[in-house]
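Participant: Here you go, one structure.
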Amino acid sequence: MKLYEIYFSPTGGTKKAADILAEAWMEESGQTVRIDLITDKRCPSEYQFEAEDICIMAVPAYGGRVPRPALDKLRQMKGNGAKAILMAVYGNRAIDDTMLELKDILCEAGFVSVAGISAVAEHSIVREFAAGRPDEEDREELCGFVKAIKTKLESGGKSAADIPGNRPYREFGGVGMIPKANDYCNECGICACNCPVQAISKDNLKGADESKCISCMRCIAVCPKRARLIDGAMVEGTRAKIGKFCAERKNNELFL
């Protein structure tokens, strides 16, 4: 049996939550195979899993859906009956149909989803929402989920039935926030190299292709000069729009 930690994490929050889960699963023994869906250049179809394997599948919720680049790669993998632990990570608003969509695409790829987890991480745009999360309280909660999932598997439990979401999935209309560079940009090109959808051209490093950009904010996260940002008025608009849904601390949830 191998433990795989497979994640799409443009700004690091999803990976942080998945890391907690993987570390709790392996405790202090064994090794975890980590697959970063953004930086790994191998063809996803090259991945061949076995039925005994455990795969933590972690994605952020973008407008209540799985980010398209993550879906495109996951659907090409060969699950071969490997057990998937679904992880939908969100910025303290809601996951909507993210986890159900993830389950459906993994089922098509041959994985068996044995559990689902909704986990809270710092919002990628309005950073004060869920600031600093996952924190120590989250860590304790997620480690408890690992014990519950192991107990289920040891008792012969298989596919998870109680995965939240609706079909047809929530319509994704895009976020519409396109980061652009300011005068501090020295055109080093790090943003272009790290963009998961190649929305930043090396011929125009200060801009972005709005038809490709998924507003993942990775270019902002990796910029060493902190020279990329989104329009302040748009951030304020988002803060006002979702603030009432994000004000109170939400707990992580386990679905078996």
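By order of appearance in the structure tokens: chains A, B, ..., then residues from 1 within every chain, and ligands from 1 in the order shown.
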Taking the backbone alone, and naming residues the way the document does, which bits of stretch 29-236 of chain A are alpha helix (DSSP H) by DSSP, as a PyMOL selection string?
Facilitator: chain A and resi 68-74+98-108+136-154+190-194+218-222+232-236
Participant: Would you export the selected residues with N, CA and C atoms as a short mmCIF file (atom, residue, chain, number, x, y, z; two decimals), in the first residue's frame, please?
Facilitator:
```
data_model
loop_
_atom_site.label_atom_id
_atom_site.label_comp_id
_atom_site.auth_asym_id
_atom_site.auth_seq_id
_atom_site.Cartn_x
_atom_site.Cartn_y
_atom_site.Cartn_z
N ARG A 68 -10.76 23.82 -13.41
CA ARG A 68 -10.67 23.07 -14.67
C ARG A 68 -9.32 22.40 -14.88
N PRO A 69 -8.17 23.06 -14.63
CA PRO A 69 -6.90 22.39 -14.86
C PRO A 69 -6.73 21.12 -14.03
N ALA A 70 -7.27 21.13 -12.79
CA ALA A 70 -7.20 19.94 -11.95
C ALA A 70 -8.06 18.83 -12.53
N LEU A 71 -9.26 19.17 -12.97
CA LEU A 71 -10.14 18.16 -13.58
C LEU A 71 -9.49 17.53 -14.80
N ASP A 72 -8.89 18.36 -15.65
CA ASP A 72 -8.29 17.86 -16.88
C ASP A 72 -7.21 16.82 -16.61
N LYS A 73 -6.47 17.01 -15.51
CA LYS A 73 -5.40 16.06 -15.20
C LYS A 73 -5.93 14.83 -14.47
N LEU A 74 -6.85 15.02 -13.54
CA LEU A 74 -7.37 13.90 -12.76
C LEU A 74 -8.11 12.90 -13.63
N THR A 98 -18.32 21.21 -5.30
CA THR A 98 -16.92 20.85 -5.56
C THR A 98 -16.64 19.38 -5.27
N MET A 99 -17.05 18.90 -4.11
CA MET A 99 -16.71 17.54 -3.72
C MET A 99 -17.44 16.50 -4.57
N LEU A 100 -18.69 16.78 -4.90
CA LEU A 100 -19.44 15.84 -5.73
C LEU A 100 -18.84 15.76 -7.13
N GLU A 101 -18.47 16.90 -7.69
CA GLU A 101 -17.83 16.90 -9.00
C GLU A 101 -16.52 16.14 -8.96
N LEU A 102 -15.76 16.32 -7.88
CA LEU A 102 -14.50 15.60 -7.73
C LEU A 102 -14.75 14.10 -7.66
N LYS A 103 -15.75 13.69 -6.89
CA LYS A 103 -16.08 12.27 -6.79
C LYS A 103 -16.46 11.69 -8.15
N ASP A 104 -17.27 12.41 -8.90
CA ASP A 104 -17.73 11.92 -10.20
C ASP A 104 -16.58 11.72 -11.17
N ILE A 105 -15.67 12.69 -11.22
CA ILE A 105 -14.56 12.59 -12.17
C ILE A 105 -13.59 11.48 -11.77
N LEU A 106 -13.42 11.28 -10.47
CA LEU A 106 -12.52 10.21 -10.01
C LEU A 106 -13.15 8.84 -10.23
N CYS A 107 -14.46 8.75 -10.12
CA CYS A 107 -15.15 7.50 -10.41
C CYS A 107 -14.93 7.11 -11.87
N GLU A 108 -15.03 8.08 -12.75
CA GLU A 108 -14.79 7.82 -14.18
C GLU A 108 -13.36 7.37 -14.42
N GLU A 136 -4.05 25.18 14.39
CA GLU A 136 -3.90 24.02 15.27
C GLU A 136 -5.24 23.35 15.58
N GLU A 137 -6.28 24.15 15.70
CA GLU A 137 -7.61 23.56 15.91
C GLU A 137 -8.02 22.72 14.70
N ASP A 138 -7.73 23.23 13.52
CA ASP A 138 -8.01 22.46 12.31
C ASP A 138 -7.19 21.17 12.27
N ARG A 139 -5.92 21.27 12.64
CA ARG A 139 -5.05 20.10 12.65
C ARG A 139 -5.63 18.98 13.52
N GLU A 140 -6.07 19.36 14.71
CA GLU A 140 -6.64 18.37 15.63
C GLU A 140 -7.89 17.72 15.02
N GLU A 141 -8.71 18.56 14.38
CA GLU A 141 -9.94 18.06 13.77
C GLU A 141 -9.64 17.13 12.60
N LEU A 142 -8.71 17.50 11.75
CA LEU A 142 -8.36 16.69 10.58
C LEU A 142 -7.71 15.38 10.99
N CYS A 143 -6.90 15.41 12.03
CA CYS A 143 -6.30 14.17 12.52
C CYS A 143 -7.37 13.22 13.06
N GLY A 144 -8.40 13.77 13.67
CA GLY A 144 -9.52 12.95 14.12
C GLY A 144 -10.25 12.31 12.95
N PHE A 145 -10.34 13.02 11.84
CA PHE A 145 -10.98 12.46 10.64
C PHE A 145 -10.19 11.26 10.12
N VAL A 146 -8.88 11.35 10.17
CA VAL A 146 -8.04 10.25 9.71
C VAL A 146 -8.36 8.98 10.50
N LYS A 147 -8.47 9.11 11.80
CA LYS A 147 -8.79 7.95 12.64
C LYS A 147 -10.13 7.36 12.26
N ALA A 148 -11.12 8.22 11.99
CA ALA A 148 -12.45 7.73 11.62
C ALA A 148 -12.43 7.01 10.27
N ILE A 149 -11.66 7.53 9.33
CA ILE A 149 -11.57 6.90 8.01
C ILE A 149 -10.86 5.56 8.11
N LYS A 150 -9.79 5.50 8.89
CA LYS A 150 -9.08 4.23 9.07
C LYS A 150 -9.99 3.19 9.70
N THR A 151 -10.78 3.61 10.68
CA THR A 151 -11.70 2.68 11.34
C THR A 151 -12.71 2.13 10.34
N LYS A 152 -13.20 3.00 9.47
CA LYS A 152 -14.15 2.56 8.43
C LYS A 152 -13.52 1.53 7.52
N LEU A 153 -12.32 1.80 7.05
CA LEU A 153 -11.65 0.89 6.12
C LEU A 153 -11.31 -0.44 6.79
N GLU A 154 -10.89 -0.38 8.04
CA GLU A 154 -10.54 -1.61 8.77
C GLU A 154 -11.75 -2.50 9.01
N ILE A 190 8.92 34.79 -13.36
CA ILE A 190 8.52 33.72 -12.44
C ILE A 190 7.02 33.46 -12.51
N CYS A 191 6.24 34.51 -12.65
CA CYS A 191 4.79 34.37 -12.72
C CYS A 191 4.38 33.55 -13.94
N ALA A 192 5.02 33.82 -15.07
CA ALA A 192 4.69 33.11 -16.30
C ALA A 192 5.05 31.63 -16.19
N CYS A 193 6.18 31.34 -15.57
CA CYS A 193 6.62 29.95 -15.43
C CYS A 193 5.72 29.16 -14.49
N ASN A 194 5.08 29.85 -13.55
CA ASN A 194 4.27 29.17 -12.54
C ASN A 194 2.77 29.19 -12.81
N ARG A 218 -2.09 32.41 -8.16
CA ARG A 218 -0.76 31.83 -8.01
C ARG A 218 0.33 32.83 -8.39
N CYS A 219 0.08 33.63 -9.40
CA CYS A 219 1.09 34.60 -9.82
C CYS A 219 1.38 35.60 -8.70
N ILE A 220 0.35 35.95 -7.94
CA ILE A 220 0.55 36.85 -6.80
C ILE A 220 1.37 36.16 -5.72
N ALA A 221 1.07 34.89 -5.47
CA ALA A 221 1.73 34.15 -4.41
C ALA A 221 3.21 33.93 -4.68
N VAL A 222 3.59 33.75 -5.96
CA VAL A 222 4.99 33.42 -6.27
C VAL A 222 5.84 34.63 -6.61
N GLY A 232 -8.14 46.91 -6.40
CA GLY A 232 -8.61 47.06 -5.04
C GLY A 232 -10.12 47.18 -4.93
N ALA A 233 -10.73 47.86 -5.88
CA ALA A 233 -12.18 48.02 -5.85
C ALA A 233 -12.88 46.68 -6.02
N MET A 234 -12.31 45.79 -6.83
CA MET A 234 -12.90 44.47 -7.03
C MET A 234 -12.77 43.62 -5.77
N VAL A 235 -11.66 43.77 -5.07
CA VAL A 235 -11.49 43.05 -3.81
C VAL A 235 -12.52 43.52 -2.80
N GLU A 236 -12.72 44.84 -2.75
CA GLU A 236 -13.72 45.39 -1.82
C GLU A 236 -15.12 44.89 -2.18
#
```
Participant: I need the strand (DSSP E) residues of stretch 40-204 of chain A per DSSP on the backbone, written as JSON, numbers by chain.
Facilitator: {"A": [54, 55, 56, 57, 58, 59, 60, 83, 84, 85, 86, 87, 88, 89, 90, 112, 113, 114, 115, 116, 117, 118, 119, 120, 180, 181]}
Participant: At what distance in Å, to one decimal, does atom CA of A:Ile54 lie from atom CA of A:Arg133?
Facilitator: 24.9 Å
Participant: Could you tell me how far atom CA of A:Phe8 sits from atom CA of A:Ala181, in Å to one decimal place?
Facilitator: 23.8 Å
Participant: Using only C-alpha atoms, which protein or nucleic acid residues come within 8 Å of stretch 21-35 of chain A? Drop anything in the same chain fewer than 4 positions from it, and give the result as number ranges by chain.
Facilitator: A: 2-7, 17, 40, 56, 142-143, 146
Participant: Atom CA of A:Arg75 to atom CA of A:Gly157: how many Å, to one decimal?
Facilitator: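 If I compute the distance from atom CA of A:Arg75 to atom CA of A:Gly157, I get 24.6 Å.
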Participant: Nearest residue to A:Ile85 out of A:Gly63, A:Gly173, A:Gly110, A:Gly116, using only C-alpha atoms?
Facilitator: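 Going through A:Gly63, A:Gly173, A:Gly110, A:Gly116 one by one, the smallest distance to A:Ile85 is for A:Gly116.
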Participant: Which is closer to A:Ala240 than all the others in A:Ile200, A:Val126, A:Tyr169, A:Ala88, using only C-alpha atoms?
Facilitator: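 So, comparing all the options, the nearest one is A:Val126.
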Participant: Env of A:Pro44: 6 Å cut, atoms = only C-alpha atoms, seq-sep filter 3 positions within chain, self excluded. Answer as a list in words.
Facilitator: Tyr47, Lys73, Gln76 and Met77 of chain A
Participant: List the spatial neighbours of A:Lys158 as a list in words - criterion: any atom at most 9 Å away, only C-alpha atoms, same-chain residues fewer than 3 positions off excluded.
Facilitator: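 Near A:Lys158, the qualifying residues are Lys83, Val112, Ser113, Val114, Ala115, Lys152 and Leu153 of chain A.
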Participant: Restricted to C-alpha atoms, what would the selected residues look like written as an mmCIF file, in the first residue's frame?
Facilitator:
```cif
data_model
loop_
_atom_site.group_PDB
_atom_site.id
_atom_site.type_symbol
_atom_site.label_atom_id
_atom_site.label_comp_id
_atom_site.auth_asym_id
_atom_site.auth_seq_id
_atom_site.Cartn_x
_atom_site.Cartn_y
_atom_site.Cartn_z
ATOM 1 C CA LYS A 83 -9.172 4.339 -2.566
ATOM 2 C CA VAL A 112 -13.265 4.438 -5.293
ATOM 3 C CA SER A 113 -14.104 7.407 -3.082
ATOM 4 C CA VAL A 114 -14.171 6.155 0.501
ATOM 5 C CA ALA A 115 -14.530 9.484 2.346
ATOM 6 C CA LYS A 152 -14.149 2.563 8.434
ATOM 7 C CA LEU A 153 -11.654 0.887 6.123
#
```
Participant: At a cut-off of 9 Å, using only C-alpha atoms, what residues contact A:Cys185? Leave out same-chain residues fewer than 5 positions from it and give the result as number ranges by chain.
Facilitator: A: 205-206, 223, 225-228
Participant: Can I get the selection written as an mmCIF file, in the first residue's frame, with N, CA and C atoms?
Facilitator:
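Result written to out-v1.cif:
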```cif
data_model
loop_
_atom_site.group_PDB
_atom_site.id
_atom_site.type_symbol
_atom_site.label_atom_id
_atom_site.label_comp_id
_atom_site.auth_asym_id
_atom_site.auth_seq_id
_atom_site.Cartn_x
_atom_site.Cartn_y
_atom_site.Cartn_z
ATOM 1 N N LEU A 205 4.714 40.219 -19.776
ATOM 2 C CA LEU A 205 4.753 39.708 -18.406
ATOM 3 C C LEU A 205 3.928 40.530 -17.420
ATOM 4 N N LYS A 206 3.614 41.743 -17.776
ATOM 5 C CA LYS A 206 2.855 42.575 -16.840
ATOM 6 C C LYS A 206 1.349 42.402 -16.980
ATOM 7 N N CYS A 223 5.242 35.796 -6.779
ATOM 8 C CA CYS A 223 6.000 36.973 -7.197
ATOM 9 C C CYS A 223 6.953 37.432 -6.085
ATOM 10 N N LYS A 225 8.663 40.125 -5.872
ATOM 11 C CA LYS A 225 8.607 41.571 -5.678
ATOM 12 C C LYS A 225 7.240 42.041 -5.169
ATOM 13 N N ARG A 226 6.319 41.074 -5.038
ATOM 14 C CA ARG A 226 4.932 41.417 -4.676
ATOM 15 C C ARG A 226 4.385 42.480 -5.622
ATOM 16 N N ALA A 227 4.707 42.285 -6.887
ATOM 17 C CA ALA A 227 4.374 43.290 -7.897
ATOM 18 C C ALA A 227 3.072 42.995 -8.632
ATOM 19 N N ARG A 228 2.492 41.822 -8.422
ATOM 20 C CA ARG A 228 1.224 41.499 -9.082
ATOM 21 C C ARG A 228 0.088 41.623 -8.076
#
```
Participant: Between A:Pro179, A:Ser155, A:Tyr184, A:Ile117, which has the minimum distance to A:Ala208 (counting only C-alpha atoms)?
Facilitator: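 The answer is A:Pro179, which sits nearest to A:Ala208.
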